[in-house]
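**Student:** This is the content of target.txt (compact mmCIF, C-alpha atoms):
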```
# COMPACT_ATOMS: atom_id res chain seq x y z
CA ASN A 29 43.76 -12.38 42.39
CA THR A 30 47.25 -13.64 43.29
CA GLU A 31 48.56 -14.91 46.68
CA SER A 32 51.97 -15.93 48.09
CA THR A 33 53.13 -17.36 51.43
CA GLN A 34 56.38 -15.45 51.15
CA PRO A 35 56.51 -12.02 52.80
CA ASP A 36 57.07 -9.13 50.46
CA ALA A 37 56.69 -11.48 47.49
CA TYR A 38 55.48 -8.66 45.23
CA ASP A 39 57.08 -5.30 44.71
CA GLU A 40 55.46 -2.18 43.28
CA SER A 41 56.26 -3.16 39.70
CA ASP A 42 54.48 -6.50 40.21
CA GLN A 43 51.42 -4.73 41.61
CA SER A 44 51.43 -2.27 38.72
CA PHE A 45 51.71 -5.13 36.24
CA LEU A 46 48.83 -7.01 37.89
CA GLU A 47 46.67 -3.87 37.94
CA THR A 48 47.33 -3.44 34.21
CA ILE A 49 46.35 -7.06 33.58
CA VAL A 50 43.15 -6.61 35.64
CA ALA A 51 42.27 -3.48 33.67
CA GLN A 52 42.83 -5.32 30.38
CA ILE A 53 40.66 -8.24 31.54
CA ALA A 54 37.90 -5.85 32.66
CA LEU A 55 38.01 -4.03 29.32
CA ALA A 56 37.92 -7.32 27.40
CA ILE A 57 34.92 -8.52 29.42
CA HIS A 58 33.17 -5.18 28.93
CA ASN A 59 33.76 -5.29 25.16
CA THR A 60 32.54 -8.89 24.99
CA LEU A 61 29.34 -8.07 26.87
CA LEU A 62 28.83 -4.98 24.70
CA ALA A 63 29.32 -7.03 21.53
CA GLU A 64 26.78 -9.58 22.77
CA LYS A 65 24.27 -6.81 23.46
CA ILE A 66 24.86 -5.32 20.02
CA LYS A 67 24.49 -8.73 18.40
CA ASP A 68 21.29 -9.35 20.36
CA SER A 69 19.92 -5.94 19.33
CA GLU A 70 20.80 -6.58 15.69
CA GLU A 71 19.06 -9.96 15.77
CA LYS A 72 15.95 -8.40 17.33
CA TYR A 73 16.05 -5.62 14.70
CA ARG A 74 16.38 -8.14 11.86
CA THR A 75 13.48 -10.15 13.30
CA LEU A 76 11.28 -7.03 13.47
CA VAL A 77 12.23 -6.02 9.93
CA GLU A 78 11.69 -9.51 8.55
CA HIS A 79 8.25 -9.86 10.14
CA ALA A 80 7.04 -6.31 9.41
CA SER A 81 3.77 -6.18 7.45
CA ASP A 82 5.08 -3.28 5.34
CA GLY A 83 7.73 -3.73 2.70
CA ILE A 84 11.12 -2.47 3.86
CA PHE A 85 13.60 -1.58 1.13
CA VAL A 86 17.14 -0.33 1.82
CA SER A 87 19.26 1.00 -1.00
CA ASP A 88 22.76 2.46 -1.22
CA PRO A 89 23.13 6.23 -1.82
CA GLN A 90 22.94 5.64 -5.60
CA GLY A 91 19.59 3.86 -5.35
CA TYR A 92 20.65 0.21 -5.71
CA TYR A 93 18.93 -2.17 -3.29
CA VAL A 94 21.13 -3.71 -0.60
CA GLU A 95 18.36 -5.20 1.58
CA VAL A 96 14.68 -6.11 1.20
CA ASN A 97 12.45 -7.86 3.72
CA THR A 98 10.01 -10.69 2.98
CA SER A 99 6.96 -8.40 2.75
CA GLY A 100 8.75 -6.24 0.18
CA SER A 101 9.71 -9.27 -1.90
CA MET A 102 6.16 -10.62 -1.81
CA LEU A 103 4.72 -7.21 -2.69
CA LEU A 104 6.64 -7.15 -5.98
CA GLY A 105 6.64 -10.88 -6.66
CA TYR A 106 10.43 -11.30 -6.60
CA THR A 107 12.85 -13.10 -4.31
CA ARG A 108 15.23 -11.05 -2.19
CA GLU A 109 18.13 -12.24 -4.35
CA GLU A 110 16.37 -10.98 -7.50
CA LEU A 111 15.91 -7.52 -5.99
CA VAL A 112 19.25 -6.87 -4.31
CA GLY A 113 21.70 -5.09 -6.61
CA ARG A 114 19.02 -3.67 -8.91
CA HIS A 115 18.04 0.00 -9.11
CA ILE A 116 14.88 1.48 -7.59
CA SER A 117 13.79 2.86 -10.96
CA GLU A 118 13.50 -0.65 -12.43
CA PHE A 119 10.46 -1.31 -10.25
CA VAL A 120 8.44 1.84 -10.95
CA ILE A 121 5.84 1.91 -13.73
CA PRO A 122 7.49 4.06 -16.49
CA ASP A 123 4.63 6.56 -16.79
CA ASN A 124 4.61 7.04 -13.03
CA LEU A 125 8.40 7.47 -12.98
CA LYS A 126 8.12 10.09 -15.73
CA ALA A 127 5.38 11.97 -13.87
CA GLN A 128 7.17 11.63 -10.50
CA PRO A 129 10.96 11.38 -10.91
CA LEU A 130 12.91 9.85 -8.04
CA LYS A 131 14.11 12.34 -5.41
CA ILE A 132 17.28 10.61 -4.26
CA ASP A 133 19.16 13.92 -3.94
CA ASP A 134 16.45 15.25 -1.60
CA LEU A 135 16.79 12.15 0.58
CA LYS A 136 20.58 12.50 0.68
CA ALA A 137 20.08 16.13 1.71
CA GLY A 138 18.27 14.86 4.81
CA LYS A 139 14.65 15.29 3.74
CA SER A 140 11.96 12.76 4.67
CA LEU A 141 9.50 12.11 1.84
CA VAL A 142 6.05 10.54 1.60
CA SER A 143 4.61 9.74 -1.81
CA GLU A 144 2.17 7.51 -3.65
CA ARG A 145 3.60 5.46 -6.48
CA LEU A 146 2.68 2.73 -8.91
CA LEU A 147 5.30 -0.01 -8.63
CA LYS A 148 5.82 -2.75 -11.19
CA HIS A 149 5.03 -6.31 -10.12
CA GLN A 150 7.00 -9.22 -11.53
CA ASP A 151 3.97 -10.15 -13.66
CA GLY A 152 3.90 -6.65 -15.18
CA SER A 153 0.88 -5.38 -13.27
CA GLY A 154 0.89 -2.13 -11.30
CA VAL A 155 0.91 -2.09 -7.49
CA SER A 156 -0.42 1.09 -5.86
CA VAL A 157 1.68 1.91 -2.78
CA GLU A 158 2.48 4.64 -0.29
CA ILE A 159 6.21 5.13 0.37
CA SER A 160 7.80 6.82 3.37
CA ALA A 161 11.49 7.38 2.65
CA LYS A 162 14.47 8.83 4.50
CA MET A 163 18.24 8.59 4.73
CA LEU A 164 19.72 6.32 7.40
CA PRO A 165 22.66 7.37 9.61
CA ASP A 166 25.03 5.23 7.51
CA GLY A 167 24.04 7.07 4.32
CA ASN A 168 21.86 4.31 2.92
CA LEU A 169 18.26 5.09 1.94
CA LEU A 170 15.26 3.52 3.65
CA GLY A 171 11.85 3.08 2.04
CA MET A 172 8.83 1.87 4.03
CA VAL A 173 6.34 0.65 1.42
CA ARG A 174 2.67 0.09 2.22
CA ASP A 175 0.27 -1.67 -0.14
CA ASN A 176 -2.48 0.82 -1.00
CA ARG A 177 -4.73 -1.52 -2.94
CA GLU A 178 -7.07 -2.41 -0.08
CA ARG A 179 -7.38 1.25 0.93
CA LYS A 180 -8.03 2.25 -2.69
CA ARG A 181 -10.73 -0.42 -2.99
CA ALA A 182 -12.34 0.78 0.25
CA GLU A 183 -12.26 4.40 -0.98
CA GLN A 184 -13.82 3.38 -4.30
CA ALA A 185 -16.52 1.37 -2.51
CA LEU A 186 -17.32 4.37 -0.32
CA GLN A 187 -17.45 6.61 -3.38
CA ARG A 188 -19.86 4.22 -5.13
CA TYR A 189 -22.03 4.10 -2.00
CA ASN A 190 -22.19 7.91 -1.84
CA GLN A 191 -23.00 8.12 -5.54
CA ARG A 192 -25.84 5.63 -5.14
CA LEU A 193 -27.15 7.46 -2.10
CA THR A 194 -27.14 10.70 -4.10
CA THR A 195 -28.96 8.95 -6.94
CA MET A 196 -31.63 7.60 -4.61
CA ARG A 197 -32.21 11.07 -3.19
CA GLN A 198 -32.44 12.50 -6.70
CA ILE A 199 -34.99 9.85 -7.68
CA ASP A 200 -37.05 10.64 -4.57
CA LYS A 201 -36.95 14.34 -5.41
CA GLU A 202 -38.01 13.82 -9.04
CA SER A 203 -40.69 11.30 -8.08
CA ILE A 204 -42.35 13.82 -5.78
CA GLY A 205 -42.66 16.30 -8.63
CA ALA A 206 -43.57 13.75 -11.30
CA GLN A 207 -46.86 14.12 -13.15
CA SER A 208 -47.14 10.51 -14.28
CA THR A 209 -45.80 6.98 -13.95
CA ARG A 210 -43.90 7.58 -17.17
CA ASP A 211 -42.07 10.54 -15.64
CA ILE A 212 -41.08 8.52 -12.55
CA VAL A 213 -39.82 5.54 -14.55
CA ASN A 214 -37.86 7.67 -16.97
CA ALA A 215 -36.24 9.58 -14.11
CA VAL A 216 -35.20 6.26 -12.54
CA LEU A 217 -33.79 4.93 -15.82
CA GLU A 218 -31.77 8.06 -16.53
CA SER A 219 -30.31 8.15 -13.02
CA VAL A 220 -29.44 4.44 -12.91
CA SER A 221 -27.86 4.45 -16.39
CA GLU A 222 -25.60 7.35 -15.38
CA LEU A 223 -24.51 5.58 -12.20
CA ILE A 224 -24.10 2.03 -13.54
CA PRO A 225 -22.61 1.78 -17.06
CA CYS A 226 -24.85 -0.42 -19.17
CA GLN A 227 -26.07 -0.84 -22.72
CA ARG A 228 -29.70 -1.18 -21.70
CA ALA A 229 -31.78 -0.68 -18.57
CA SER A 230 -35.49 -1.27 -18.36
CA VAL A 231 -38.47 -1.18 -16.04
CA THR A 232 -41.42 -3.46 -16.73
CA LEU A 233 -44.86 -2.69 -15.32
CA ILE A 234 -47.87 -4.98 -15.41
CA ASP A 235 -51.20 -3.36 -16.21
CA LYS A 236 -53.69 -5.94 -14.93
CA GLU A 237 -56.72 -3.93 -15.96
CA ARG A 238 -55.64 -4.02 -19.61
CA SER A 239 -53.82 -7.35 -19.37
CA GLU A 240 -50.71 -5.70 -20.74
CA VAL A 241 -47.03 -5.50 -20.01
CA VAL A 242 -45.63 -1.96 -20.25
CA VAL A 243 -41.90 -1.69 -20.92
CA TYR A 244 -39.87 1.46 -20.33
CA ALA A 245 -36.21 1.22 -21.32
CA ILE A 246 -33.14 3.32 -21.92
CA VAL A 247 -30.68 2.25 -24.59
CA ALA A 248 -27.13 3.56 -24.60
CA ASP A 249 -25.56 3.45 -28.04
CA ASP A 250 -24.20 6.14 -30.34
CA ASP A 251 -27.21 8.24 -29.41
CA THR A 252 -28.76 7.46 -26.01
CA ARG A 253 -32.54 7.20 -26.29
CA ILE A 254 -35.50 6.26 -24.15
CA ILE A 255 -38.02 3.65 -25.25
CA ASP A 256 -41.19 5.04 -23.81
CA GLY A 257 -43.93 2.70 -22.60
CA ILE A 258 -44.14 -0.06 -25.18
CA ARG A 259 -47.24 -2.16 -24.49
CA ASN A 260 -47.50 -5.88 -25.13
CA PRO A 261 -50.24 -8.38 -24.22
CA LEU A 262 -49.68 -10.37 -21.06
CA PRO A 263 -48.53 -13.89 -21.92
CA ASP A 264 -51.08 -16.60 -21.20
```
Please express what this file holds, its structure, as structure tokens.

**Tutor:**
Amino acid sequence: NTESTQPDAYDESDQSFLETIVAQIALAIHNTLLAEKIKDSEEKYRTLVEHASDGIFVSDPQGYYVEVNTSGSMLLGYTREELVGRHISEFVIPDNLKAQPLKIDDLKAGKSLVSERLLKHQDGSGVSVEISAKMLPDGNLLGMVRDNRERKRAEQALQRYNQRLTTMRQIDKESIGAQSTRDIVNAVLESVSELIPCQRASVTLIDKERSEVVVYAIVADDDTRIIDGIRNPLPD
């Protein structure tokens, strides 16, 4: 805003000049506010990425890492600096890479991919993960990497539970049709030895009337065999 005590102090060219200045100032303020908003959004984005529980890996179109968050670094046992600049293929277990080649061309063609892979930890061990990958608007490639180990352990535990439940039902079924104690014990031993790998499993019964210990056992060696009802005197 400009003011003057003199009448007709400003002509049309002055007004036009001032309007141009005002427009420039308004544009500069708008750009400054926009830049601040963008900066704020980028900081919020970086914070979200950095604190994400999943590993976030960003590579260039050739597959060389340009950014990795803390979860991704911890997942593989490297620092961010050790990962950036290296190729994706360096961190995949060789056999897994051979069975499932990278599909970088598919990603660059705009496809979104989900796969399970075995990545290579810094200590040489394998890390089972699920990867969701896509191309970003700037042409870089994004991989969201989730640690599968807990889920795999839970699935294995559930599988073991179901197997044991099936075994218990099978034992119940065979026990109902058994003609003798020997048949019941042998059915139990065979079922348990199939479910739980072992070199030897045994059931010991005490025959109080005869003062004897009766041992039934199954021995797994080159030729699995059942030791059937060995009797020994009860110890004093």

**Student:** What's the 6 Å shell around stretch 129-137 of chain A, counting only C-alpha atoms, without same-chain residues fewer than 2 positions away, as a list in words?

**Tutor:** Leu125, Lys126, Lys139, Lys162 and Met163 of chain A

**Student:** Counting all atoms listed in the file, figure out which residue out of A:Asn168, A:Ser219, A:Thr48, A:Thr60 gets nearest to A:Glu95.

**Tutor:** A:Asn168

**Student:** For A:Val157, which residue among A:Ser87, A:Asn176, A:Asn97, A:Thr232 is the nearest when counting only C-alpha atoms?

**Tutor:**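 Looking at the shortest contact to A:Val157, the residue is A:Asn176.
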
**Student:** Record the distance separating atom CA of A:Arg174 and atom CA of A:Tyr106, expressed in Å with one decimal.

**Tutor:**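 For atom CA of A:Arg174 relative to atom CA of A:Tyr106, the distance reads 16.4 Å.
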
**Student:** For the point (4.0, -8.4, 3.1) in file coordinates, what residues are within 9 Å, counting only C-alpha atoms? Give the answer as an NGL selection string?

**Tutor:** :A and (79-83 or 97-103 or 174-175)

**Student:** Enter the distance from atom CA of A:Leu233 to atom CA of A:Tyr189, in Å, rounded to one decimal.

**Tutor:**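 These two atoms are separated by 27.3 Å.
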
**Student:** Could you check which of A:Gln128, A:Tyr244, A:Val216, A:Val86 is closest to A:Asp200, using only C-alpha atoms?

**Tutor:**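 Nearest candidate to A:Asp200 out of A:Gln128, A:Tyr244, A:Val216, A:Val86: A:Val216.
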
**Student:** Using Å and a single decimal, report how far atom CA of A:Ala127 sits from atom CA of A:Arg188.

**Tutor:**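 Those two atoms sit 27.8 Å apart.
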
**Student:** Quick one: 6 Å padding each side, axis-aligned, all listed atoms of stretch 228-241 of chain A - centre and edge lengths in Å to one decimal, as lines of an AutoDock Vina configuration file?

**Tutor:**
```
center_x = -43.2
center_y = -4.0
center_z = -18.3
size_x = 39.0
size_y = 18.7
size_z = 18.8
```
